[in-house]
>>> print(open('model-v3.txt').read())   # compact mmCIF, C-alpha atoms
# COMPACT_ATOMS: atom_id res chain seq x y z
CA MET F 69 -149.78 -150.54 74.74
CA LYS F 70 -150.57 -149.37 78.26
CA LYS F 71 -150.23 -145.68 77.47
CA PHE F 72 -152.21 -145.98 74.24
CA MET F 73 -155.02 -147.82 75.99
CA LYS F 74 -155.37 -145.12 78.63
CA SER F 75 -155.44 -142.31 76.09
CA THR F 76 -158.02 -144.02 73.88
CA LEU F 77 -160.48 -144.61 76.71
CA ALA F 78 -160.16 -141.09 78.07
CA VAL F 79 -160.90 -139.56 74.67
CA ALA F 80 -163.86 -141.86 74.15
CA ALA F 81 -165.35 -140.79 77.47
CA GLY F 82 -165.13 -137.15 76.47
CA VAL F 83 -166.77 -137.82 73.10
CA ALA F 84 -169.63 -139.63 74.81
CA ALA F 85 -170.31 -136.72 77.12
CA ILE F 86 -170.37 -134.19 74.29
CA ALA F 87 -172.35 -136.18 71.76
CA GLY F 88 -174.85 -137.60 74.23
CA ALA F 89 -174.18 -141.16 73.05
CA VAL F 90 -171.54 -143.71 73.99
CA THR F 91 -168.72 -144.26 71.54
CA ILE F 92 -167.15 -147.70 71.99
CA PRO F 93 -163.36 -147.36 72.29
CA SER F 94 -161.57 -149.26 69.54
CA LEU F 95 -159.50 -151.29 71.99
CA VAL F 96 -162.52 -152.74 73.76
CA SER F 97 -164.95 -153.09 70.86
CA ALA F 98 -163.87 -156.71 70.47
CA TRP F 99 -165.11 -157.50 73.97
CA GLY F 100 -168.59 -158.13 72.61
CA ASP F 101 -171.70 -156.21 73.45
CA SER F 102 -172.89 -153.63 75.95
CA ASN F 103 -176.43 -152.23 75.80
CA GLY F 104 -177.43 -153.19 72.27
CA GLY F 105 -177.21 -155.98 69.77
CA ARG F 106 -177.58 -159.13 71.84
CA PRO F 107 -181.12 -160.40 72.62
CA SER F 108 -182.97 -159.56 75.84
CA TYR F 109 -185.15 -162.05 77.72
CA THR F 110 -187.93 -161.83 80.28
CA ILE F 111 -188.00 -164.05 83.37
CA ASP F 112 -190.98 -165.97 81.92
CA GLU F 113 -189.05 -166.64 78.71
CA ILE F 114 -186.04 -167.86 80.68
CA ASN F 115 -188.13 -170.18 82.86
CA SER F 116 -189.92 -171.56 79.79
CA GLY F 117 -186.57 -172.82 78.48
CA VAL F 118 -185.91 -170.32 75.69
CA LEU F 119 -182.14 -170.60 76.24
CA GLY F 120 -181.94 -174.37 76.12
CA ASP F 121 -178.31 -175.16 76.98
CA LYS F 122 -177.06 -171.76 75.83
CA ILE F 123 -175.19 -169.67 78.41
CA VAL F 124 -175.55 -165.88 78.40
CA PHE F 125 -174.74 -163.24 80.99
CA ASN F 126 -176.73 -160.21 82.13
CA SER F 127 -179.36 -160.33 79.35
CA ILE F 128 -182.66 -160.21 81.25
CA SER F 129 -184.78 -157.11 80.65
CA ASP F 130 -187.91 -157.33 82.75
CA GLY F 131 -190.22 -154.96 84.57
CA VAL F 132 -189.58 -156.86 87.81
CA ILE F 133 -185.78 -156.51 87.92
CA GLY F 134 -184.99 -153.86 85.31
CA ASP F 135 -182.38 -154.20 82.56
CA GLU F 136 -179.37 -156.39 83.37
CA LYS F 137 -177.45 -155.07 80.37
CA ASN F 138 -176.76 -152.00 82.46
CA PHE F 139 -174.58 -154.07 84.81
CA VAL F 140 -171.92 -151.52 85.82
CA GLY F 141 -172.96 -148.77 88.24
CA ALA F 142 -171.46 -146.46 90.84
CA ARG F 143 -172.36 -144.49 93.95
CA GLU F 144 -170.57 -142.34 96.52
CA ASN F 145 -168.92 -144.33 99.27
CA THR F 146 -170.65 -142.84 102.29
CA GLY F 147 -169.60 -145.67 104.60
CA ILE F 148 -173.22 -146.78 104.89
CA ASN F 149 -174.37 -150.00 103.26
CA ALA F 150 -178.16 -149.90 102.86
CA GLY F 151 -178.31 -153.32 101.18
CA LYS F 152 -181.13 -153.52 98.66
CA ASP F 153 -181.90 -149.83 99.26
CA ASN F 154 -178.53 -148.66 97.93
CA VAL F 155 -179.00 -146.42 94.91
CA TRP F 156 -176.57 -147.19 92.08
CA ASN F 157 -176.16 -144.81 89.15
CA GLY F 158 -175.65 -146.72 85.93
CA SER F 159 -174.75 -143.85 83.63
CA ASP F 160 -173.19 -140.64 85.02
CA ILE F 161 -171.60 -139.66 88.34
CA ASN F 162 -170.68 -136.07 89.23
CA VAL F 163 -167.53 -136.30 91.34
CA GLU F 164 -166.13 -134.08 94.09
CA ASN F 165 -162.47 -133.68 94.97
CA GLY F 166 -161.20 -136.24 97.47
CA LYS F 167 -164.39 -138.31 97.66
CA GLU F 168 -164.45 -142.08 97.19
CA TYR F 169 -166.88 -143.91 94.93
CA LEU F 170 -167.93 -147.54 94.80
CA VAL F 171 -168.08 -149.11 91.34
CA ARG F 172 -170.17 -152.27 91.07
CA LEU F 173 -170.18 -155.03 88.45
CA TYR F 174 -173.07 -157.53 88.42
CA VAL F 175 -172.40 -161.09 87.22
CA HIS F 176 -175.37 -163.34 86.39
CA ASN F 177 -175.35 -166.47 84.24
CA ASN F 178 -178.93 -166.34 82.94
CA ASN F 179 -179.39 -170.04 82.20
CA PRO F 180 -181.76 -171.47 84.87
CA LYS F 181 -180.24 -174.98 84.83
CA GLY F 182 -177.89 -174.28 87.72
CA MET F 183 -175.02 -176.75 87.94
CA ASP F 184 -175.99 -178.19 84.56
CA ALA F 185 -175.20 -174.87 82.85
CA VAL F 186 -171.84 -173.76 84.26
CA ALA F 187 -169.92 -170.96 82.56
CA GLU F 188 -166.26 -171.99 82.20
CA ASN F 189 -163.03 -169.98 82.40
CA THR F 190 -164.95 -166.86 83.44
CA HIS F 191 -162.90 -163.68 83.79
CA VAL F 192 -163.93 -160.25 85.10
CA SER F 193 -162.10 -156.94 84.95
CA PHE F 194 -162.33 -153.16 85.12
CA ASN F 195 -160.45 -150.54 83.15
CA ILE F 196 -159.68 -147.28 84.98
CA PRO F 197 -158.03 -144.67 82.72
CA GLN F 198 -155.18 -142.80 84.42
CA GLU F 199 -155.40 -139.60 82.40
CA SER F 200 -156.57 -136.30 83.76
CA ALA F 201 -159.86 -135.20 82.17
CA LYS F 202 -163.26 -133.71 82.94
CA ASP F 203 -164.99 -136.88 81.75
CA ILE F 204 -163.61 -140.35 82.56
CA GLN F 205 -165.26 -143.66 81.69
CA ILE F 206 -164.73 -146.85 83.72
CA ASN F 207 -165.49 -150.03 81.78
CA GLY F 208 -166.41 -153.38 83.32
CA PHE F 209 -165.94 -156.68 81.48
CA ILE F 210 -167.21 -160.29 81.76
CA LYS F 211 -165.84 -163.09 79.59
CA ALA F 212 -166.49 -166.87 79.56
CA ASP F 213 -165.29 -169.46 77.06
CA ASN F 214 -168.64 -171.23 76.59
CA ALA F 215 -170.95 -168.19 76.74
CA ASP F 216 -172.69 -166.87 73.61
CA PRO F 217 -171.50 -164.21 73.09
CA GLN F 218 -168.29 -164.90 74.97
CA GLU F 219 -167.68 -161.29 76.01
CA TYR F 220 -169.76 -158.51 77.64
CA TRP F 221 -168.96 -154.96 78.64
CA ASP F 222 -170.67 -151.99 80.23
CA TYR F 223 -169.54 -148.62 81.60
CA VAL F 224 -170.19 -145.75 83.96
CA ASN F 225 -169.08 -142.15 83.34
CA PHE F 226 -167.54 -139.81 85.93
CA HIS F 227 -167.75 -136.06 85.37
CA SER F 228 -166.49 -132.81 86.89
CA ASP F 229 -166.12 -129.22 85.72
CA THR F 230 -162.49 -129.43 86.90
CA ALA F 231 -159.94 -131.84 85.41
CA PHE F 232 -159.43 -134.85 87.69
CA HIS F 233 -158.17 -138.42 87.71
CA LEU F 234 -159.48 -141.55 89.39
CA GLU F 235 -157.22 -143.34 91.85
CA TYR F 236 -157.94 -147.03 92.50
CA VAL F 237 -158.01 -147.92 96.21
CA TYR F 238 -155.75 -150.94 96.68
CA GLY F 239 -157.28 -153.94 98.41
CA SER F 240 -160.80 -152.67 97.77
CA ALA F 241 -161.99 -155.32 95.27
CA LYS F 242 -164.67 -157.43 96.96
CA LEU F 243 -167.07 -160.21 95.98
CA GLU F 244 -170.53 -160.64 97.51
CA ASN F 245 -172.99 -163.44 96.84
CA ASN F 246 -174.86 -166.19 98.69
CA VAL F 247 -171.55 -167.79 99.73
CA HIS F 248 -169.49 -164.69 100.46
CA ASP F 249 -171.66 -162.54 102.70
CA GLY F 250 -171.30 -158.79 102.25
CA ASN F 251 -172.32 -158.25 105.86
CA GLU F 252 -169.12 -160.04 106.83
CA GLY F 253 -167.01 -158.04 104.41
CA GLY F 254 -167.30 -160.32 101.39
CA LEU F 255 -164.34 -162.02 99.72
CA GLN F 256 -161.34 -159.86 98.86
CA LEU F 257 -160.25 -160.21 95.23
CA SER F 258 -156.90 -159.60 93.56
CA ASP F 259 -156.04 -156.05 92.52
CA ASP F 260 -155.28 -157.50 89.07
CA ILE F 261 -159.02 -157.08 88.46
CA ILE F 262 -158.28 -153.55 87.19
CA GLN F 263 -155.91 -154.87 84.49
CA ALA F 264 -158.43 -155.26 81.67
CA ALA F 265 -155.70 -155.24 79.03
CA SER F 266 -154.22 -158.38 80.63
CA GLY F 267 -157.57 -160.15 81.01
CA GLY F 268 -158.38 -159.26 84.61
CA ILE F 269 -158.85 -162.16 87.04
CA LEU F 270 -160.23 -165.68 86.89
CA PHE F 271 -163.61 -165.54 88.62
CA GLY F 272 -165.99 -168.08 90.12
CA TYR F 273 -169.06 -168.31 92.31
CA ASP F 274 -167.68 -169.97 95.46
CA GLU F 275 -163.99 -170.08 94.55
CA MET F 276 -161.89 -168.41 91.88
CA ASN F 277 -161.90 -171.38 89.47
CA GLY F 278 -163.63 -169.76 86.47
CA GLN F 279 -166.94 -171.60 87.08
CA VAL F 280 -170.23 -169.69 87.37
CA PRO F 281 -173.43 -171.83 87.51
CA GLY F 282 -176.69 -170.55 86.04
CA CYS F 283 -179.65 -169.02 87.90
CA PHE F 284 -180.17 -166.09 90.29
CA GLU F 285 -179.01 -168.25 93.17
CA TYR F 286 -175.47 -167.96 91.79
CA ALA F 287 -175.50 -164.24 90.92
CA SER F 288 -172.62 -162.15 92.29
CA TYR F 289 -171.75 -158.51 92.90
CA ILE F 290 -168.18 -157.23 92.59
CA THR F 291 -167.23 -153.80 93.92
CA ILE F 292 -164.08 -151.69 93.77
CA ARG F 293 -163.39 -148.26 95.23
CA VAL F 294 -161.94 -145.28 93.39
CA LYS F 295 -161.03 -141.81 94.63
CA ALA F 296 -161.61 -138.65 92.58
CA VAL F 297 -158.63 -136.29 92.76
CA TYR F 298 -158.57 -132.85 91.17
CA ASP F 299 -155.26 -132.39 89.38
CA THR F 300 -152.70 -129.69 90.09
CA ASP F 301 -150.58 -129.80 86.98
CA TYR F 302 -147.92 -132.42 87.46
CA THR F 303 -147.20 -135.80 85.93
CA VAL F 304 -145.97 -139.18 87.18
CA THR F 305 -144.57 -141.96 84.98
CA LYS F 306 -143.40 -145.44 86.02
CA GLN F 307 -141.17 -147.73 83.92
CA VAL F 308 -139.10 -150.90 84.32
CA ARG F 309 -136.16 -152.79 82.80
CA ILE F 310 -134.22 -155.95 83.66
CA LYS F 311 -131.01 -155.19 85.54
CA GLY F 312 -127.89 -156.09 83.58
CA ASP F 313 -129.80 -156.72 80.35
CA ALA F 314 -128.13 -155.57 77.14
CA ASP F 315 -131.30 -153.65 76.26
CA LYS F 316 -131.17 -150.56 78.48
CA THR F 317 -134.54 -149.22 77.24
CA TRP F 318 -137.08 -148.30 79.91
CA LYS F 319 -140.41 -150.02 79.25
CA ASP F 320 -143.97 -150.13 80.53
CA SER F 321 -143.82 -153.95 80.64
CA VAL F 322 -141.11 -156.64 80.73
CA ASP F 323 -140.96 -160.43 80.76
CA ALA F 324 -138.85 -161.69 83.66
CA LYS F 325 -137.87 -164.98 85.26
CA ILE F 326 -137.99 -165.90 88.93
CA GLY F 327 -134.73 -164.65 90.43
CA ASP F 328 -134.29 -161.77 87.96
CA GLU F 329 -133.41 -158.38 89.41
CA LEU F 330 -135.32 -155.38 88.02
CA GLU F 331 -134.75 -151.65 87.92
CA PHE F 332 -137.72 -149.30 88.27
CA ARG F 333 -137.88 -145.60 87.39
CA ILE F 334 -140.44 -143.10 88.74
CA GLU F 335 -140.41 -139.60 87.23
CA TYR F 336 -142.26 -136.63 88.73
CA LYS F 337 -142.53 -133.38 86.75
CA ASN F 338 -144.04 -130.01 87.68
CA ILE F 339 -145.89 -128.83 84.54
CA SER F 340 -147.66 -125.92 86.26
CA ASN F 341 -146.72 -122.23 86.21
CA GLY F 342 -145.75 -122.13 89.88
CA PRO F 343 -143.84 -123.97 92.59
CA GLN F 344 -145.01 -127.21 94.19
CA GLU F 345 -144.02 -127.95 97.77
CA HIS F 346 -143.59 -131.06 99.91
CA VAL F 347 -143.50 -133.55 97.05
CA VAL F 348 -143.69 -137.14 98.32
CA ILE F 349 -142.92 -140.24 96.23
CA GLN F 350 -144.09 -143.74 97.14
CA ASP F 351 -143.60 -147.12 95.47
CA ILE F 352 -146.14 -149.92 95.97
CA LEU F 353 -144.62 -153.33 95.33
CA PRO F 354 -146.90 -156.32 94.78
CA ALA F 355 -146.35 -159.74 96.29
CA ASN F 356 -143.48 -161.60 94.58
CA LEU F 357 -141.52 -158.43 93.85
CA GLU F 358 -139.02 -158.05 96.71
CA TYR F 359 -137.42 -154.65 97.28
CA ILE F 360 -133.61 -154.65 97.34
CA SER F 361 -132.65 -152.72 100.45
CA GLY F 362 -130.54 -149.61 99.88
CA SER F 363 -131.33 -149.37 96.17
CA THR F 364 -133.37 -146.13 96.24
CA GLU F 365 -131.65 -143.25 94.44
CA LEU F 366 -132.86 -139.68 93.81
CA VAL F 367 -131.82 -137.61 90.78
CA ASN F 368 -132.87 -133.93 90.55
CA GLY F 369 -131.42 -130.44 90.11
CA ARG F 370 -129.64 -130.62 93.45
CA TYR F 371 -128.33 -134.14 92.88
CA PRO F 372 -127.72 -134.38 89.11
CA ASN F 373 -125.43 -137.37 89.58
CA GLY F 374 -127.83 -139.11 91.94
CA ALA F 375 -127.96 -139.50 95.70
CA LYS F 376 -128.66 -142.69 97.59
CA THR F 377 -131.27 -142.34 100.34
CA GLU F 378 -130.47 -143.36 103.89
CA SER F 379 -133.68 -145.31 104.38
CA ASP F 380 -135.99 -147.67 102.53
CA ALA F 381 -139.08 -145.57 103.24
CA LEU F 382 -139.88 -145.33 99.53
CA VAL F 383 -141.68 -148.67 99.73
CA SER F 384 -143.34 -147.91 103.07
CA GLU F 385 -146.81 -146.44 103.69
CA THR F 386 -145.32 -142.94 104.07
CA GLY F 387 -143.00 -142.82 101.05
CA ILE F 388 -140.14 -140.30 100.92
CA THR F 389 -140.20 -136.50 100.73
CA ILE F 390 -138.09 -135.26 97.82
CA GLY F 391 -138.46 -131.49 98.40
CA ASN F 392 -139.96 -128.50 96.58
CA TYR F 393 -139.96 -127.98 92.80
CA ASN F 394 -140.33 -124.88 90.65
CA ALA F 395 -142.30 -124.79 87.41
CA GLY F 396 -140.80 -127.13 84.83
CA ALA F 397 -138.57 -128.95 87.33
CA ASN F 398 -138.53 -132.71 87.64
CA ALA F 399 -137.11 -135.54 89.74
CA ILE F 400 -136.37 -139.19 89.00
CA ILE F 401 -136.35 -141.92 91.63
CA TYR F 402 -134.72 -145.28 90.96
CA LEU F 403 -135.18 -148.51 92.90
CA GLU F 404 -134.49 -152.19 92.44
CA ALA F 405 -136.53 -155.31 93.17
CA LYS F 406 -136.18 -159.05 92.67
CA VAL F 407 -138.76 -161.49 91.27
CA VAL F 408 -139.38 -164.10 93.98
CA ASP F 409 -141.78 -167.00 94.40
CA ASN F 410 -143.70 -166.49 97.63
CA ASN F 411 -147.15 -167.38 96.31
CA LEU F 412 -146.90 -167.35 92.52
CA ALA F 413 -149.66 -169.21 90.71
CA CYS F 414 -148.78 -171.90 88.21
CA GLY F 415 -148.53 -170.48 84.70
CA LYS F 416 -148.37 -166.79 83.83
CA ASN F 417 -148.37 -164.11 86.54
CA ASN F 418 -148.92 -160.38 86.11
CA LEU F 419 -147.09 -158.31 88.75
CA ILE F 420 -148.09 -154.63 88.82
CA ASN F 421 -145.78 -152.09 90.47
CA TRP F 422 -147.23 -148.64 91.13
CA GLY F 423 -145.43 -145.32 91.58
CA ARG F 424 -147.21 -142.46 93.34
CA ALA F 425 -146.56 -138.76 93.86
CA ALA F 426 -148.35 -136.48 96.33
CA ILE F 427 -148.20 -132.73 96.94
CA ASN F 428 -148.90 -131.27 100.39
CA ASN F 429 -150.28 -134.63 101.54
CA SER F 430 -153.42 -134.22 99.44
CA THR F 431 -153.31 -134.54 95.67
CA VAL F 432 -152.09 -137.96 94.50
CA MET F 433 -151.23 -139.18 91.01
CA GLN F 434 -149.90 -142.61 90.06
CA ASP F 435 -148.70 -144.74 87.17
CA TRP F 436 -147.73 -148.40 86.86
CA ALA F 437 -145.21 -150.77 85.30
CA GLN F 438 -145.90 -154.41 84.59
CA VAL F 439 -143.74 -157.50 85.14
CA LEU F 440 -144.85 -160.73 83.49
CA THR F 441 -143.38 -163.93 84.90
CA GLU F 442 -144.21 -167.60 84.45
CA LYS F 443 -144.04 -170.43 86.98
CA ASP F 444 -143.58 -173.95 85.66
CA CYS F 445 -145.50 -176.42 87.81
CA THR F 446 -145.03 -179.44 85.58
CA PRO F 447 -144.53 -182.36 87.97
CA PRO F 448 -141.27 -184.27 87.61
CA SER F 449 -141.45 -187.53 85.72
CA ASP F 450 -142.10 -190.61 87.87
CA ASP F 451 -140.06 -192.77 85.49
CA PRO F 452 -136.69 -193.60 87.06
CA GLU F 453 -133.51 -193.06 85.12
CA PRO F 454 -132.75 -196.24 83.16
CA THR F 455 -130.01 -198.33 84.72
CA PRO F 456 -127.14 -198.88 82.29
CA THR F 457 -126.90 -202.47 81.17
CA PRO F 458 -123.49 -203.84 82.16
CA THR F 459 -121.42 -205.58 79.54
CA PRO F 460 -121.99 -209.28 80.14
CA THR F 461 -119.10 -211.59 80.81
CA PRO F 462 -118.85 -214.13 78.02
CA THR F 463 -120.14 -217.53 79.07
CA PRO F 464 -120.08 -220.87 77.35
CA THR F 465 -122.99 -221.49 75.00
CA PRO F 466 -125.51 -223.67 76.86
CA GLU F 467 -127.16 -226.65 75.36
CA THR F 468 -130.51 -225.89 73.66
CA PRO F 469 -133.36 -227.11 75.91
CA SER F 470 -135.93 -229.44 74.50
CA GLU F 471 -138.83 -227.27 75.79
CA LEU F 472 -139.35 -223.51 76.31
CA PRO F 473 -139.81 -222.36 79.95
CA THR F 474 -143.34 -221.50 81.17
CA THR F 475 -143.89 -217.95 82.57
CA GLY F 476 -146.60 -216.54 84.84
CA PRO F 477 -149.26 -213.94 83.83
CA GLU F 478 -148.25 -210.27 83.37
CA ALA F 479 -149.25 -207.80 86.11
CA ILE F 480 -151.70 -205.18 84.77
CA ILE F 481 -152.04 -201.88 86.67
CA GLY F 482 -155.24 -199.99 85.94
CA GLY F 483 -157.51 -197.24 87.32
CA VAL F 484 -161.24 -196.74 87.45
CA ILE F 485 -162.71 -193.21 87.49
CA ALA F 486 -166.19 -192.84 88.93
CA THR F 487 -168.44 -190.32 87.18
CA GLY F 488 -171.50 -188.53 88.41
CA SER F 489 -173.52 -185.39 87.97
CA ILE F 490 -175.53 -182.95 89.99
CA VAL F 491 -178.99 -182.38 88.61
CA THR F 492 -180.99 -179.30 89.58
CA ALA F 493 -184.50 -178.30 88.69
CA ALA F 494 -185.13 -175.17 86.65
CA GLY F 495 -188.40 -174.20 88.27
CA TYR F 496 -186.95 -172.37 91.29
CA TYR F 497 -185.52 -169.47 89.29
CA LEU F 498 -186.49 -166.76 91.80
CA ALA F 499 -186.63 -168.90 94.90
CA SER F 500 -183.10 -168.31 96.20
CA ARG F 501 -182.54 -164.75 95.09
CA ARG F 502 -181.64 -162.38 97.92
CA SER F 503 -180.82 -158.70 98.11
CA LEU F 504 -177.10 -157.99 98.01
CA ARG F 505 -175.09 -154.85 97.99
>>> encode(input="model-v3.txt", output="structure tokens")
Amino acid sequence: MKKFMKSTLAVAAGVAAIAGAVTIPSLVSAWGDSNGGRPSYTIDEINSGVLGDKIVFNSISDGVIGDEKNFVGARENTGINAGKDNVWNGSDINVENGKEYLVRLYVHNNNPKGMDAVAENTHVSFNIPQESAKDIQINGFIKADNADPQEYWDYVNFHSDTAFHLEYVYGSAKLENNVHDGNEGGLQLSDDIIQAASGGILFGYDEMNGQVPGCFEYASYITIRVKAVYDTDYTVTKQVRIKGDADKTWKDSVDAKIGDELEFRIEYKNISNGPQEHVVIQDILPANLEYISGSTELVNGRYPNGAKTESDALVSETGITIGNYNAGANAIIYLEAKVVDNNLACGKNNLINWGRAAINNSTVMQDWAQVLTEKDCTPPSDDPEPTPTPTPTPTPTPETPSELPTTGPEAIIGGVIATGSIVTAAGYYLASRRSLR
């Protein structure tokens, strides 16, 4: 599924650039609506109560604030944050080799009732195709269980006259709003935000609990960074399998249990017409995948039967140098890791392991493999094990009493839950809005 998803989105981006209109990729068409179809509202209509209790996202189209349906934009990362004066391009970005770009997703629950109109189980995500192309489309998604419609998507296109790919910058996902101040760096979000196929991340206004209240006061901006890299004709693929499993097939994704040991495979191949020098391979393990020391093995033309490396630098910031490769040559790097529970969340966890290749310390390509694991946090039962009833010793039959014994009242254990609500007025719709990045 991963490979098919990437290919579909890359083709759709190219079609959009040629035809002059956006073609919705088939795999994301079910996410709801982008720029057409759903109603638009003005601020006056919102404040007059047109929504009632209905929750919608990013649907205000007004001369004062522009069109919220265009909620994904991008700009070059110059290192300068001009606040409200930043210029975000919501349609097309012309990229240059090696430059970084900020991609922004705006999240606004349009209902003005504040804490009385909270979106529940809200998720946000981006999809970054990994193919090489001259036109690449990044999609941004918002989804909430009680919104109508439940799902929203928008996009921004990246273009170059030279084939390129977009490399996500790890650790770059940030949240900025009235709680998490962008001037102080904002709140760092999980890198799982780029896994749109797996639902992205649970999102919230002040904490990541899925709850987003209505009104501008609770609007948020999410940014990620991507790097444009012109391609030099080589490929990288990353796959995984469970060590010792009867099924030896290499896969893009596996289901594993805590304690399972996994085998990963990174393949580099030179598909150009000339040699490529100083090839470096790096593996980026997420939290809860623990590298097994000494497990790195290189297979190539020089070592057809494999050669163990003398260090564990593969999983370091530098990676390992695997030499020079002529046209058509390839290399495969194997490593092993164990699923551990350092900070696993209760329920399902999506662990993404990335493999990277670089040539001459400049051009970088990468691919990923996915490990799905589940943590059971069901609390143990408080009921003690029943004590076996001993076999009674036979006793003489007593005489039947003339009256039954009197017993005391039963003890009743109960609990009282206090309820309350926070009521906010709807007339301050613009009062708390501030300029964010």
>>> atom_distance(input="model-v3.txt", atom1="atom CA of Lys122 of chain F", atom2="atom CA of Met183 of chain F")
13.3 Å
>>> residues_around(input="model-v3.txt", residues="Ala413 of chain F", least_positions_apart="6", cutoff="10 Å", atoms="only C-alpha atoms", output="list in words")
Glu442, Lys443, Asp444 and Cys445 of chain F
>>> closest_residue(input="model-v3.txt", among="F:Thr303, F:Asn115, F:Asn225, F:Ser193", to="Ser340 of chain F", atoms="only C-alpha atoms")
F:Thr303
>>> closest_residue(input="model-v3.txt", among="F:Gly120, F:Pro197, F:Gly362, F:Gly327", to="Glu404 of chain F", atoms="only C-alpha atoms")
F:Gly362
>>> closest_residue(input="model-v3.txt", among="F:Tyr393, F:Phe271, F:Trp422, F:Tyr402", to="Glu365 of chain F", atoms="all atoms listed in the file")
F:Tyr402
>>> atom_distance(input="model-v3.txt", atom1="atom CA of Asn165 of chain F", atom2="atom CA of Arg333 of chain F")
28.4 Å
>>> closest_residue(input="model-v3.txt", among="F:Ala264, F:Ala231, F:Pro343, F:Glu275", to="Val247 of chain F", atoms="all atoms listed in the file")
F:Glu275
>>> residues_near_point(input="model-v3.txt", point="(-170.0, -147.9, 93.9)", cutoff="9 Å", atoms="all atoms listed in the file", output="list in words")
Gly141, Ala142, Arg143, Glu144, Asn145, Trp156, Asn157, Glu168, Tyr169, Leu170, Val171, Arg172, Leu173, Thr291, Ile292, Arg293 and Val294 of chain F
